[in-house]
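A.B. asks: Data file run-v5.cif (mmCIF, C-alpha atoms) is appended below.
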```cif
data_upload
#
loop_
_atom_site.label_atom_id
_atom_site.label_comp_id
_atom_site.auth_asym_id
_atom_site.auth_seq_id
_atom_site.Cartn_x
_atom_site.Cartn_y
_atom_site.Cartn_z
CA MET A 1 160.88 -176.15 -115.27
CA GLU A 2 159.64 -179.66 -114.47
CA ASN A 3 156.61 -180.82 -116.45
CA LEU A 4 157.11 -177.95 -118.88
CA LYS A 5 156.71 -180.48 -121.68
CA TRP A 6 153.11 -181.08 -120.69
CA ARG A 7 152.08 -177.50 -120.10
CA LYS A 8 151.34 -174.57 -122.30
CA ALA A 9 154.67 -172.88 -122.86
CA ASP A 10 154.91 -169.14 -122.30
CA ILE A 11 156.57 -168.15 -125.51
CA SER A 12 157.20 -164.51 -126.32
CA TYR A 13 157.09 -163.48 -129.95
CA GLU A 14 158.40 -160.00 -129.22
CA LYS A 15 161.38 -159.17 -131.38
CA GLN A 16 164.45 -158.21 -129.43
CA ILE A 17 165.56 -154.73 -130.41
CA HIS A 18 169.08 -153.51 -130.09
CA PHE A 19 167.96 -150.10 -128.75
CA SER A 20 167.88 -151.51 -125.25
CA LYS A 21 171.58 -152.35 -125.54
CA ARG A 22 172.53 -148.77 -126.35
CA ASP A 23 175.02 -147.07 -124.12
CA PHE A 24 174.05 -143.44 -123.68
CA SER A 25 177.03 -142.58 -121.52
CA PHE A 26 179.54 -139.95 -122.59
CA GLU A 27 182.57 -142.03 -121.64
CA SER A 28 185.31 -141.32 -124.13
CA GLU A 29 189.07 -141.40 -124.29
CA ASN A 30 189.64 -138.21 -126.25
CA ALA A 31 187.88 -135.11 -127.58
CA GLY A 32 187.11 -136.69 -130.95
CA GLU A 33 185.39 -139.62 -129.33
CA PHE A 34 183.48 -137.28 -127.02
CA ILE A 35 182.15 -135.27 -129.99
CA THR A 36 181.08 -138.37 -131.93
CA LYS A 37 179.53 -139.92 -128.80
CA SER A 38 177.55 -136.75 -128.15
CA LEU A 39 176.32 -136.65 -131.75
CA ALA A 40 175.39 -140.35 -131.67
CA ASN A 41 173.59 -140.01 -128.32
CA ALA A 42 171.58 -137.07 -129.63
CA TYR A 43 170.76 -138.95 -132.83
CA TRP A 44 169.70 -142.07 -130.91
CA PHE A 45 167.58 -140.13 -128.42
CA PHE A 46 165.83 -137.70 -130.76
CA ILE A 47 165.65 -139.61 -134.04
CA SER A 48 166.62 -143.28 -134.10
CA ASP A 49 164.64 -144.49 -131.06
CA VAL A 50 161.56 -142.74 -132.41
CA ASP A 51 162.03 -143.63 -136.06
CA GLY A 52 162.83 -147.31 -135.50
CA ASP A 53 165.44 -149.81 -136.55
CA ASN A 54 165.97 -148.87 -140.20
CA CYS A 55 169.68 -149.29 -140.83
CA PRO A 56 170.34 -152.42 -142.91
CA PHE A 57 173.91 -152.65 -141.61
CA ARG A 58 175.57 -153.94 -138.48
CA PRO A 59 177.14 -152.06 -136.86
CA THR A 60 174.54 -149.37 -137.61
CA CYS A 61 175.80 -146.16 -139.20
CA SER A 62 175.89 -144.31 -135.86
CA ALA A 63 177.68 -147.21 -134.16
CA PHE A 64 180.02 -147.36 -137.17
CA LEU A 65 180.94 -143.70 -136.57
CA LEU A 66 181.66 -144.36 -132.90
CA GLN A 67 183.75 -147.44 -133.61
CA SER A 68 185.59 -145.60 -136.38
CA ALA A 69 186.44 -142.78 -133.98
CA LYS A 70 187.79 -145.36 -131.55
CA GLU A 71 189.82 -147.06 -134.27
CA THR A 72 191.19 -143.94 -135.94
CA ASN A 73 190.64 -140.22 -135.37
CA ILE A 74 187.68 -137.90 -135.73
CA PHE A 75 188.66 -136.69 -139.21
CA GLN A 76 189.18 -140.19 -140.65
CA ALA A 77 186.09 -141.40 -138.79
CA SER A 78 184.04 -138.65 -140.47
CA LEU A 79 185.24 -139.71 -143.91
CA MET A 80 184.48 -143.35 -143.08
CA PHE A 81 181.03 -142.34 -141.88
CA PHE A 82 180.17 -140.33 -145.01
CA ASP A 83 181.34 -143.21 -147.18
CA ARG A 84 179.22 -145.63 -145.14
CA PHE A 85 176.25 -143.29 -145.35
CA THR A 86 176.58 -143.18 -149.15
CA ARG A 87 176.72 -146.97 -149.25
CA ASP A 88 173.68 -147.14 -147.00
CA MET A 89 171.77 -144.89 -149.42
CA ASN A 90 172.74 -147.06 -152.42
CA ILE A 91 169.96 -146.28 -154.88
CA ALA A 92 170.34 -149.65 -156.60
CA LYS A 93 170.08 -151.45 -153.23
CA GLY A 94 173.28 -153.21 -154.20
CA HIS A 95 174.17 -154.70 -150.84
CA ASP A 96 174.62 -158.26 -152.00
CA HIS A 97 178.38 -158.27 -151.62
CA TYR A 98 178.27 -157.97 -147.82
CA PRO A 99 178.22 -160.94 -145.47
CA ARG A 100 175.34 -161.01 -143.01
CA VAL A 101 174.89 -161.31 -139.30
CA SER A 102 172.59 -164.06 -138.08
CA ALA A 103 169.68 -161.60 -137.77
CA GLY A 104 169.92 -160.86 -141.50
CA TYR A 105 171.59 -157.44 -141.42
CA TYR A 106 174.62 -156.73 -143.60
CA TYR A 107 177.88 -157.03 -141.73
CA ASP A 108 180.21 -154.14 -142.44
CA PRO A 109 182.79 -153.51 -139.69
CA PRO A 110 184.91 -150.31 -139.64
CA GLN A 111 188.13 -152.39 -139.40
CA ASN A 112 187.86 -152.99 -143.14
CA TYR A 113 187.89 -149.26 -143.92
CA THR A 114 190.89 -147.98 -141.94
CA LEU A 115 193.04 -148.09 -145.12
CA ASN A 116 195.27 -150.62 -143.38
CA GLN A 117 195.37 -153.56 -145.81
CA GLY A 118 196.55 -155.90 -143.05
CA ARG A 119 193.46 -155.24 -140.95
CA ILE A 120 190.95 -156.10 -143.67
CA LYS A 121 189.14 -159.30 -142.87
CA TYR A 122 187.32 -160.21 -146.04
CA LEU A 123 184.28 -162.43 -145.65
CA PRO A 124 182.35 -163.72 -148.66
CA PRO A 125 178.68 -162.71 -149.11
CA ALA A 126 177.44 -166.18 -148.22
CA PHE A 127 179.13 -165.99 -144.82
CA ILE A 128 176.94 -165.59 -141.75
CA VAL A 129 178.61 -163.81 -138.85
CA ASP A 130 177.44 -165.23 -135.53
CA ASP A 131 177.97 -162.30 -133.26
CA GLU A 132 176.52 -158.85 -133.83
CA MET B 1 156.99 -220.24 -125.27
CA ARG B 2 158.82 -222.92 -123.28
CA ASN B 3 161.30 -223.44 -126.15
CA PHE B 4 161.89 -219.72 -126.43
CA LEU B 5 162.66 -219.37 -122.74
CA THR B 6 164.97 -222.37 -122.88
CA ILE B 7 166.98 -220.75 -125.70
CA ILE B 8 167.15 -217.45 -123.84
CA PHE B 9 168.58 -219.16 -120.75
CA LEU B 10 170.99 -221.32 -122.74
CA ILE B 11 172.60 -218.49 -124.73
CA PRO B 12 174.69 -217.12 -121.82
CA LEU B 13 175.82 -220.64 -120.99
CA ALA B 14 177.01 -221.12 -124.55
CA VAL B 15 178.71 -217.73 -124.87
CA HIS B 16 180.42 -217.55 -121.50
CA PRO B 17 182.99 -220.34 -121.96
CA GLN B 18 183.95 -218.94 -125.38
CA SER B 19 184.39 -215.39 -124.13
CA SER B 20 186.43 -216.45 -121.14
CA SER B 21 188.85 -218.35 -123.36
CA PHE B 22 189.16 -215.41 -125.81
CA ASP B 23 191.79 -212.80 -124.94
CA PHE B 24 190.27 -209.53 -126.01
CA HIS B 25 193.28 -207.60 -124.77
CA SER B 26 196.03 -209.40 -126.61
CA PRO B 27 197.99 -207.04 -128.91
CA GLU B 28 196.90 -209.02 -131.98
CA ASN B 29 193.21 -208.71 -131.12
CA ILE B 30 193.51 -205.05 -130.21
CA LYS B 31 195.18 -204.53 -133.57
CA LYS B 32 192.33 -206.34 -135.33
CA PHE B 33 189.82 -204.14 -133.56
CA ALA B 34 191.87 -201.00 -134.33
CA ASP B 35 192.11 -202.03 -138.00
CA HIS B 36 188.35 -202.42 -138.08
CA LEU B 37 187.85 -198.96 -136.55
CA PHE B 38 190.37 -197.49 -139.00
CA CYS B 39 188.52 -198.99 -141.96
CA GLU B 40 185.27 -197.61 -140.59
CA GLY B 41 186.85 -194.15 -140.60
CA ASP B 42 186.73 -193.93 -136.80
CA TYR B 43 190.30 -192.65 -136.68
CA LEU B 44 190.20 -191.27 -133.16
CA ARG B 45 189.26 -194.58 -131.54
CA ALA B 46 191.50 -196.50 -133.93
CA ILE B 47 194.47 -194.35 -132.88
CA GLU B 48 193.61 -194.94 -129.22
CA GLN B 49 193.77 -198.69 -129.81
CA TYR B 50 196.93 -198.51 -131.93
CA GLU B 51 198.66 -196.46 -129.27
CA LEU B 52 197.83 -199.18 -126.72
CA ILE B 53 199.80 -201.77 -128.66
CA ASN B 54 202.34 -199.77 -130.59
CA GLU B 55 205.11 -200.39 -128.06
CA ASN B 56 204.43 -204.12 -128.08
CA LEU B 57 204.38 -204.51 -131.82
CA ASP B 58 206.76 -201.69 -132.91
CA ASN B 59 205.23 -201.76 -136.32
CA ASP B 60 205.83 -199.07 -138.97
CA THR B 61 202.48 -199.81 -140.62
CA ILE B 62 200.78 -198.90 -137.34
CA LYS B 63 202.88 -195.77 -136.98
CA PHE B 64 202.01 -194.69 -140.50
CA LYS B 65 198.31 -195.43 -139.95
CA VAL B 66 198.35 -193.37 -136.77
CA MET B 67 200.07 -190.58 -138.68
CA LEU B 68 197.49 -190.83 -141.45
CA GLY B 69 194.65 -190.93 -138.94
CA TYR B 70 195.85 -187.82 -137.13
CA SER B 71 196.20 -186.05 -140.46
CA GLU B 72 192.64 -187.03 -141.47
CA LEU B 73 191.39 -185.69 -138.13
CA GLY B 74 193.19 -182.38 -138.65
CA PHE B 75 195.77 -182.90 -135.88
CA PHE B 76 198.69 -182.07 -138.11
CA SER B 77 201.39 -181.49 -135.50
CA GLU B 78 200.51 -184.80 -133.76
CA SER B 79 200.68 -186.48 -137.15
CA ASN B 80 204.15 -185.05 -137.81
CA ASP B 81 205.28 -186.10 -134.33
CA PHE B 82 204.64 -189.70 -135.39
CA PHE B 83 206.62 -189.18 -138.58
CA ARG B 84 209.76 -188.75 -136.47
CA GLY B 85 209.25 -192.26 -135.08
CA ILE B 86 209.16 -193.94 -138.50
CA ASN B 87 212.37 -195.68 -139.49
CA ASP B 88 213.92 -194.21 -142.65
CA LYS B 89 214.50 -197.73 -143.96
CA SER B 90 210.81 -198.51 -143.67
CA ILE B 91 208.71 -199.06 -146.78
CA PHE B 92 206.36 -196.37 -145.47
CA TYR B 93 209.06 -193.76 -144.98
CA PRO B 94 208.65 -192.04 -148.41
CA ASP B 95 204.86 -191.87 -147.95
CA ALA B 96 205.26 -190.60 -144.40
CA TYR B 97 207.82 -188.02 -145.56
CA PHE B 98 205.38 -186.84 -148.22
CA LEU B 99 202.46 -186.84 -145.79
CA SER B 100 204.44 -184.67 -143.38
CA PHE B 101 204.61 -181.97 -146.10
CA LYS B 102 200.89 -182.20 -146.68
CA ASN B 103 200.42 -181.61 -142.94
CA GLN B 104 202.85 -178.71 -143.02
CA LEU B 105 201.17 -177.12 -146.03
CA ILE B 106 197.73 -177.29 -144.44
CA SER B 107 198.74 -176.05 -141.01
CA GLU B 108 201.22 -173.38 -142.13
CA PRO B 109 200.93 -172.70 -145.87
CA GLY B 110 204.33 -171.77 -147.24
CA LEU B 111 207.19 -172.83 -149.46
CA ILE B 112 208.44 -176.42 -149.08
CA ILE B 113 212.21 -176.16 -149.04
CA ALA B 114 213.06 -179.76 -148.07
CA PRO B 115 214.73 -181.95 -150.71
CA SER B 116 213.26 -185.07 -152.29
CA ILE B 117 214.64 -188.38 -151.04
CA ASN B 118 216.27 -191.27 -152.86
CA SER B 119 213.69 -193.80 -151.72
CA PHE B 120 210.92 -191.98 -153.64
CA ASN B 121 209.57 -193.98 -156.54
CA SER B 122 208.82 -192.17 -159.82
CA PHE B 123 205.20 -191.41 -158.86
CA GLN B 124 206.23 -190.02 -155.48
CA MET B 125 209.01 -187.98 -157.06
CA LYS B 126 206.57 -186.45 -159.53
CA SER B 127 203.99 -185.78 -156.82
CA PHE B 128 206.64 -184.19 -154.63
CA SER B 129 207.65 -181.86 -157.48
CA LYS B 130 203.99 -180.91 -157.95
CA LEU B 131 203.55 -180.16 -154.26
CA THR B 132 206.80 -178.18 -154.10
CA ASN B 133 205.80 -176.11 -157.12
CA ILE B 134 202.32 -175.47 -155.73
CA SER B 135 203.84 -174.41 -152.40
CA MET B 136 205.67 -171.60 -154.27
CA LEU B 137 202.28 -169.95 -154.81
CA TYR B 138 202.10 -169.22 -151.09
CA GLU B 139 205.27 -167.14 -151.19
CA ASP B 140 205.34 -163.41 -151.94
CA LYS B 141 208.46 -163.82 -154.06
CA PHE B 142 207.53 -165.81 -157.12
CA ASN B 143 210.00 -165.99 -159.95
CA ILE B 144 209.77 -169.18 -161.95
CA SER B 145 209.00 -169.57 -165.62
CA ARG B 146 205.65 -170.99 -166.71
CA GLU B 147 207.40 -173.98 -168.34
CA ASN B 148 209.27 -174.90 -165.17
CA PHE B 149 206.24 -174.34 -162.98
CA THR B 150 203.83 -176.44 -165.02
CA ALA B 151 206.35 -179.14 -166.05
CA PRO B 152 205.49 -181.79 -163.41
CA PHE B 153 201.71 -181.53 -163.87
CA ASP B 154 199.50 -183.83 -165.93
CA ALA B 155 197.31 -182.63 -168.79
CA GLU B 156 194.10 -182.62 -166.72
CA GLU B 157 195.73 -180.50 -164.00
CA LEU B 158 197.37 -178.08 -166.39
CA ASN B 159 194.37 -175.82 -166.86
CA SER B 160 193.91 -175.13 -163.15
CA VAL B 161 197.63 -174.82 -162.53
CA SER B 162 198.05 -172.33 -165.40
CA THR B 163 195.21 -170.23 -163.95
CA PHE B 164 196.96 -170.16 -160.56
CA PHE B 165 200.23 -169.24 -162.27
CA ASP B 166 198.63 -166.37 -164.20
CA HIS B 167 196.90 -165.13 -161.09
CA LYS B 168 200.15 -165.19 -159.11
CA VAL B 169 202.17 -163.45 -161.83
CA GLU B 170 199.53 -160.85 -162.57
CA PRO B 171 196.81 -160.75 -159.92
CA PRO B 172 193.70 -158.89 -161.13
CA TYR B 173 194.05 -156.24 -158.43
CA LYS B 174 192.53 -152.78 -158.66
CA SER B 175 194.74 -149.83 -157.82
CA PRO B 176 193.56 -148.00 -154.66
CA ALA B 177 195.38 -144.85 -155.81
CA LEU B 178 193.63 -144.91 -159.18
CA ALA B 179 190.26 -145.52 -157.50
CA GLY B 180 190.83 -142.47 -155.28
CA LEU B 181 192.00 -140.37 -158.22
CA LEU B 182 189.00 -141.31 -160.35
CA SER B 183 186.62 -140.38 -157.54
CA ALA B 184 188.44 -137.08 -157.11
CA VAL B 185 187.82 -136.26 -160.79
CA ILE B 186 184.29 -137.65 -161.09
CA PRO B 187 182.64 -138.51 -157.76
CA GLY B 188 181.67 -142.19 -157.63
CA SER B 189 183.79 -143.25 -160.60
CA GLY B 190 186.35 -144.90 -158.27
CA LYS B 191 183.59 -147.07 -156.84
CA MET B 192 182.44 -147.94 -160.34
CA TYR B 193 186.05 -148.85 -161.21
CA VAL B 194 186.07 -151.48 -158.46
CA GLY B 195 182.70 -152.81 -159.62
CA GLU B 196 180.44 -151.16 -157.06
CA TRP B 197 178.18 -149.44 -159.57
CA GLY B 198 175.28 -148.74 -157.21
CA ASP B 199 177.52 -147.07 -154.64
CA GLY B 200 179.27 -145.10 -157.39
CA ILE B 201 176.07 -143.77 -158.92
CA THR B 202 174.72 -142.90 -155.46
CA ALA B 203 177.91 -141.00 -154.63
CA LEU B 204 177.69 -139.11 -157.94
CA VAL B 205 174.04 -138.18 -157.38
CA VAL B 206 174.50 -137.14 -153.73
CA THR B 207 177.64 -135.10 -154.32
CA SER B 208 176.15 -133.42 -157.39
CA LEU B 209 172.96 -132.65 -155.49
CA PHE B 210 174.80 -130.95 -152.62
CA ALA B 211 177.05 -129.09 -155.06
CA PHE B 212 173.97 -127.83 -156.91
CA LEU B 213 172.22 -126.84 -153.66
CA ALA B 214 175.33 -124.98 -152.49
CA TYR B 215 175.69 -123.21 -155.84
CA ASP B 216 172.00 -122.31 -155.99
CA ASN B 217 171.96 -120.93 -152.44
CA PHE B 218 175.10 -118.88 -153.03
CA ARG B 219 173.52 -117.54 -156.22
CA THR B 220 170.39 -116.42 -154.35
CA ASP B 221 172.42 -115.00 -151.41
CA HIS B 222 171.32 -117.62 -148.84
CA THR B 223 174.87 -117.87 -147.60
CA THR B 224 174.23 -119.78 -144.34
CA ARG B 225 172.36 -122.54 -146.11
CA ALA B 226 174.89 -122.41 -148.93
CA TRP B 227 177.78 -123.02 -146.52
CA ILE B 228 175.92 -125.89 -144.82
CA PHE B 229 175.38 -127.55 -148.20
CA THR B 230 178.97 -126.82 -149.17
CA GLY B 231 180.20 -128.51 -145.98
CA LEU B 232 177.97 -131.52 -146.43
CA GLY B 233 178.88 -131.80 -150.11
CA ALA B 234 182.59 -131.55 -149.26
CA PHE B 235 182.30 -134.33 -146.70
CA PHE B 236 180.40 -136.58 -149.12
CA TYR B 237 182.99 -135.80 -151.82
CA ALA B 238 185.97 -136.49 -149.54
CA GLY B 239 184.25 -139.52 -147.99
CA ASN B 240 183.72 -140.95 -151.45
CA ILE B 241 187.39 -140.55 -152.38
CA TYR B 242 188.33 -142.22 -149.10
CA GLY B 243 185.72 -144.94 -149.62
CA SER B 244 186.93 -145.65 -153.16
CA VAL B 245 190.46 -146.28 -151.88
CA ALA B 246 189.05 -148.52 -149.12
CA SER B 247 186.81 -150.36 -151.61
CA ALA B 248 189.79 -151.05 -153.90
CA GLN B 249 191.68 -152.49 -150.91
CA ILE B 250 188.71 -154.68 -150.00
CA PHE B 251 188.44 -155.75 -153.65
CA ASN B 252 192.10 -156.84 -153.53
CA ALA B 253 191.49 -158.69 -150.25
CA ARG B 254 188.67 -160.53 -152.01
CA ILE B 255 191.00 -161.46 -154.88
CA ASP B 256 193.50 -162.91 -152.39
CA PHE B 257 190.72 -164.71 -150.52
CA ASP B 258 189.36 -166.29 -153.71
CA PHE B 259 192.85 -167.28 -154.83
CA ASN B 260 193.69 -168.98 -151.53
CA ASN B 261 190.30 -170.67 -151.42
CA GLY B 262 190.66 -171.93 -154.99
CA LEU B 263 194.14 -173.22 -154.28
CA GLU B 264 193.00 -175.02 -151.14
CA LEU B 265 190.08 -176.57 -152.99
CA PHE B 266 192.34 -177.71 -155.83
CA LEU B 267 194.80 -179.30 -153.41
CA LYS B 268 191.98 -181.04 -151.56
CA GLN B 269 190.56 -182.37 -154.82
CA GLN B 270 194.01 -183.69 -155.74
CA ASN B 271 194.48 -185.04 -152.18
CA TYR B 272 197.71 -183.00 -152.08
CA PHE B 273 199.01 -185.37 -154.80
CA LEU B 274 199.14 -188.22 -152.29
CA PRO B 275 197.82 -191.63 -153.35
CA GLU B 276 194.67 -193.02 -151.74
CA TYR B 277 195.88 -195.54 -149.20
CA ASP B 278 193.74 -198.60 -148.87
CA PHE B 279 194.53 -200.62 -145.78
CA CYS B 280 191.14 -202.28 -145.74
CA GLU B 281 191.37 -204.71 -148.62
#
```
Let me see whether you can do it: turn the structure in this file into structure tokens.
C.D. replies:
Amino acid sequence: MENLKWRKADISYEKQIHFSKRDFSFESENAGEFITKSLANAYWFFISDVDGDNCPFRPTCSAFLLQSAKETNIFQASLMFFDRFTRDMNIAKGHDHYPRVSAGYYYDPPQNYTLNQGRIKYLPPAFIVDDE
Amino acid sequence: MRNFLTIIFLIPLAVHPQSSSFDFHSPENIKKFADHLFCEGDYLRAIEQYELINENLDNDTIKFKVMLGYSELGFFSESNDFFRGINDKSIFYPDAYFLSFKNQLISEPGLIIAPSINSFNSFQMKSFSKLTNISMLYEDKFNISRENFTAPFDAEELNSVSTFFDHKVEPPYKSPALAGLLSAVIPGSGKMYVGEWGDGITALVVTSLFAFLAYDNFRTDHTTRAWIFTGLGAFFYAGNIYGSVASAQIFNARIDFDFNNGLELFLKQQNYFLPEYDFCE
């Protein structure tokens, strides 16, 4: 590292993608989680990794489904997922009421949708969430 | 050049005797330095210096300044610890008593149930009533008439205070049950009810599309496809009802967030009805 100041720095302009962080294991605590994990793995492997990083939300819709299944049960997680998917498809692109993560994606955690008022952590749209 | 060098060599000779005769560490001089730091707004270092001499001087002004400094720095429990050391006969006791409630309200917002004290002057008594009334807004149970609630406030504060009162009495919440019911009748209308028009219209279009595809495939005897579309449509329909209830809850969380933020901002603007202390004149 010494004399780095006076040398040409080796800077990489490659954008870090979150695909590499994906956990393709089937580890799950119950049958519902196993089903959602299998579906998400298949979706990641056959579609998402090929199609690219298109989801404007964090967690992504597939990760949202997995986290929802962990938080609740497979039935409630499915309802949460279909609601999220509808919001993702918003034809008016009305996403301005979500806070953002530092990378610019809209932050929309499943904890806010468990129908437990006490678990909702409201963040204003101007808020930037540090951690993805 | 010779003159310059002469001056440079003479300066230490001139300064040294003065500095050796000056006691930097006497309580009075430490206090002067601490006062200077306090006036500069360097509360942390000022408190350090005050704490060095507090036992020697046993001065209520110092105790109050330390309390004020800790409060300014956001160390509210430390600030209130110092309040306990202030003599109740001291001239600063009413201010310190009041400041302790400011600290309490910031660190743990809630109702102030302590009484006013006899040594309050009329301004402090009025300010204490204002702070007590405002603290009621943090409680779930809120039953006080508008007249009683707004009575201690001045004309320029009345507008904001009335808004807080109205909000507390009748918060502009949306009903999650109604949002769910509306979406059950017309898909997406629950989302529109909570102000999410884009999501509502999308839900209406998607659910209608799948319903039409299911109907059309049943009509033309493509039953497998028809059942797939029926299943998808049903999930979008149910997901939208669920999402409308969740959106109404998030809407209500936003209302509470805005209310608490507005209240905090108002109190900060009013300096929690405390006077501006000027120890630097």
A.B. asks: For chain A, which residues have at least one atom within 10 Å of chain B, if we go by all atoms listed in the file? Write them as a ChimeraX atom specification, please.
C.D. replies: /A:76-95,97,112-118,120-124
A.B. asks: In Å, with one decimal, what is the gap from atom CA of Asp42 of chain B to atom CA of Tyr277 of chain B?
C.D. replies: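 So the answer is 15.5 Å.
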A.B. asks: Can you pull out every residue within 7 Å of segment 37-50 of chain A, counting all atoms listed in the file, but drop anything in the same chain fewer than 3 positions away, and send it as a list in words?
C.D. replies: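 Contacts, in chain order: Phe19, Phe24, Phe26, Glu33, Phe34, Ser62 and Leu66 of chain A.
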A.B. asks: Once the PyMOL selection byres ((chain B and resi 142) around 12) has been applied to the shown file, what residues remain in the selection, as a list in words?
C.D. replies: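 Taken on the displayed file, the PyMOL selection byres ((chain B and resi 142) around 12) yields the residues Gly110, Leu111, Asn133, Ile134, Ser135, Met136, Leu137, Tyr138, Glu139, Asp140, Lys141, Asn143, Ile144, Ser145, Arg146, Phe149, Phe164, Phe165, Asp166, His167, Lys168, Val169 and Glu170 of chain B.
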A.B. asks: In Å, how far is it from atom CA of Pro110 of chain A to atom CA of Ser68 of chain A?
C.D. replies: 5.8 Å
A.B. asks: Rounded to one decimal in Å, what is the spacing between atom CA of Gly233 of chain B and atom CA of Val194 of chain B?
C.D. replies: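 Spanning atom CA of Gly233 of chain B to atom CA of Val194 of chain B is a straight-line distance of 22.6 Å.
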A.B. asks: Excluding Glu147 of chain B and any residue of its chain fewer than 4 positions from it, enumerate the residues within 10 Å of it, using only C-alpha atoms, and give them as number ranges by chain.
C.D. replies: B: 151-152, 162
A.B. asks: Using only C-alpha atoms, find the one residue out of A:Ala69, A:Val129, A:Arg119, A:Ile35 that sits nearest to Ser102 of chain A.
C.D. replies: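 The answer is A:Val129, which sits nearest to Ser102 of chain A.
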A.B. asks: Need to verify the contact set: Ala126 of chain A, 8 Å, all atoms listed in the file, exclusion of same-chain residues closer than 2 positions in sequence. Can you return it as a list in words?
C.D. replies: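 Neighbouring residues, sequence-local ones excluded: Pro99, Arg100, Pro124 and Ile128 of chain A.
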A.B. asks: Pick out the closest residue to Asn87 of chain B from this set: B:Phe279, B:Leu131, B:Asp58, B:Ser26. Count all atoms listed in the file.
C.D. replies: B:Asp58
A.B. asks: Within 12 Å of (195.5, -195.5, -130.7) (coordinates as in the file), grab all the protein and nucleic acid residues, counting only C-alpha atoms, and write them out as a VMD selection string.
C.D. replies: chain B and resid 27 30 to 31 33 to 35 37 to 38 42 to 55 62 to 70 82
A.B. asks: Just checking: using all atoms listed in the file, which residue out of A:Ser12, A:Asn73, A:Asn54, A:Thr60 ends up closest to Glu29 of chain A?
C.D. replies: A:Asn73
A.B. asks: Could you work out an axis-aligned box for segment 134-140 of chain B, taking every atom the file lists and adding 5 Å on each side, and report centre and edge lengths in Å to one decimal, as JSON?
C.D. replies:
```
{"center_x": 203.9, "center_y": -169.4, "center_z": -153.4, "size_x": 13.6, "size_y": 22.1, "size_z": 14.6}
```
A.B. asks: For the structure shown, which residues end up in the PyMOL selection byres ((chain B and resi 94-106) around 9)? Put them as a PyMOL selection string, please?
C.D. replies: chain B and resi 64+67-68+71+74-77+79-80+83+86+88+90-93+107-112+114+117-121+124+127-128+131+135+264+271-275
